[in-house]
Amino acid sequence: MTSPLPCFEKLEGGLTLTLALAALLVSTPTPAAAQRNLGGSWDFVVMTESGDPQVRLTVELAMTQDGRLQGAPGGAGPSVLTGSVQGSSVQFSWETDFQGTPVDFRFTGTTTEDGMSGSVEVDFGDRGGVTQSKWIATRAEPVA
């Protein structure tokens, strides 16, 4: 097949390959671009089923290069929050004690430029069973 443009005929095979490689590079996300750094201070709000704030806490998160998260909720005693982030998906858990009752929080959600949000399963054990709620988190001032 001959091209109406003589110079295009010489480049046709190379141009097709170049365009295919360019499309592949543009469409393949790089780990650095796809994963946000969640290290720092965050204000978390867990809502009731009606959407009213139920639990508020500030968490100082540290994030490793491989996406593991570890944090300490401010004022919540000697408990630790652990989890991971992969791309824009985040998950973490927090085991704490509330007035003598062990409570386990299991968060799943997504990250955005402005924060994080998702659902949380709260397990009150023998004293209250398991509930589902929504949560949001926004950047906060560092915990003192």
# chains A, B, ... in the order shown; residues from 1 in each chain; ligands from 1

call {"tool": "residues_around", "arguments": {"residues": "Ser84 of chain A", "least_positions_apart": "4", "cutoff": "6 Å", "atoms": "only C-alpha atoms", "output": "list in words"}}
result
Gly67, Arg68, Leu69, Val90 and Gln91 of chain A

call {"tool": "select_by_dssp", "arguments": {"residues": "segment 56-90 of chain A", "states": "strand (DSSP E)", "output": "JSON, numbers by chain"}}
result
{"A": [56, 57, 58, 59, 60, 61, 62, 63, 68, 69, 70, 71, 72, 73, 81, 82, 83, 84, 85, 86, 89, 90]}

call {"tool": "residues_around", "arguments": {"residues": "Gly128 of chain A", "least_positions_apart": "3", "cutoff": "12 Å", "atoms": "only C-alpha atoms", "output": "list of chain:residue names"}}
result
A:Thr101, A:Pro102, A:Val103, A:Asp104, A:Val122, A:Asp123, A:Phe124, A:Gly125, A:Thr131

call {"tool": "closest_residue", "arguments": {"among": "A:Asn37, A:Ser50, A:Ala72, A:Thr64", "to": "Glu113 of chain A", "atoms": "only C-alpha atoms"}}
result
A:Asn37

call {"tool": "atom_distance", "arguments": {"atom1": "atom CA of Ala62 of chain A", "atom2": "atom CA of Gly40 of chain A"}}
result
6.5 Å

call {"tool": "residues_around", "arguments": {"residues": "Asp43 of chain A", "least_positions_apart": "5", "cutoff": "8 Å", "atoms": "only C-alpha atoms", "output": "PyMOL selection string"}}
result
chain A and resi 56-59+137-140

call {"tool": "residues_around", "arguments": {"residues": "Thr112 of chain A", "least_positions_apart": "2", "cutoff": "10 Å", "atoms": "only C-alpha atoms", "output": "ChimeraX atom specification"}}
result
/A:36,88-89,110,114-117,138

call {"tool": "residues_around", "arguments": {"residues": "Ser79 of chain A", "least_positions_apart": "6", "cutoff": "10 Å", "atoms": "only C-alpha atoms", "output": "list of chain:residue names"}}
result
A:Gly71, A:Ala72, A:Pro73, A:Trp94, A:Glu95, A:Thr96, A:Asp97

call {"tool": "write_last_selection", "arguments": {"atoms": "C-alpha atoms", "output": "tab-separated table (two decimals), in the first residue's frame"}}
result
chain	number	residue	atom	x	y	z
A	71	GLY	CA	-0.69	5.25	63.27
A	72	ALA	CA	-1.52	6.34	66.76
A	73	PRO	CA	-4.92	7.86	67.51
A	94	TRP	CA	-7.79	-0.24	64.98
A	95	GLU	CA	-8.30	-2.24	68.16
A	96	THR	CA	-9.05	-0.19	71.24
A	97	ASP	CA	-10.82	-0.32	74.57

call {"tool": "atom_distance", "arguments": {"atom1": "atom CA of Glu141 of chain A", "atom2": "atom CA of Val120 of chain A"}}
result
23.4 Å

call {"tool": "residues_around", "arguments": {"residues": "Gln70 of chain A", "least_positions_apart": "2", "cutoff": "6 Å", "atoms": "only C-alpha atoms", "output": "PDB file with N, CA and C atoms, in the first residue's frame"}}
result
ATOM      1  N   LEU A  61      -0.475   9.305  61.072  1.00  0.00           N
ATOM      2  CA  LEU A  61      -0.139   8.141  60.253  1.00  0.00           C
ATOM      3  C   LEU A  61       1.283   8.226  59.720  1.00  0.00           C
ATOM      4  N   ALA A  62       1.954   7.081  59.693  1.00  0.00           N
ATOM      5  CA  ALA A  62       3.245   6.949  59.020  1.00  0.00           C
ATOM      6  C   ALA A  62       3.046   5.928  57.908  1.00  0.00           C
ATOM      7  N   LEU A  81      -3.085   1.817  65.139  1.00  0.00           N
ATOM      8  CA  LEU A  81      -3.853   1.619  63.921  1.00  0.00           C
ATOM      9  C   LEU A  81      -2.880   1.105  62.862  1.00  0.00           C
ATOM     10  N   THR A  82      -3.231   0.006  62.165  1.00  0.00           N
ATOM     11  CA  THR A  82      -2.363  -0.538  61.126  1.00  0.00           C
ATOM     12  C   THR A  82      -3.169  -0.770  59.857  1.00  0.00           C
TER      13      THR A  82
END

call {"tool": "atom_distance", "arguments": {"atom1": "atom CA of Asp126 of chain A", "atom2": "atom CA of Glu60 of chain A"}}
result
29.7 Å

call {"tool": "closest_residue", "arguments": {"among": "A:Val85, A:Val130, A:Met63, A:Ile136", "to": "Gly51 of chain A", "atoms": "only C-alpha atoms"}}
result
A:Ile136

call {"tool": "closest_residue", "arguments": {"among": "A:Gln35, A:Trp135, A:Arg127, A:Phe107", "to": "Gln86 of chain A", "atoms": "only C-alpha atoms"}}
result
A:Gln35

call {"tool": "closest_residue", "arguments": {"among": "A:Gln99, A:Thr111, A:Ser119, A:Ser133", "to": "Asp52 of chain A", "atoms": "only C-alpha atoms"}}
result
A:Ser133
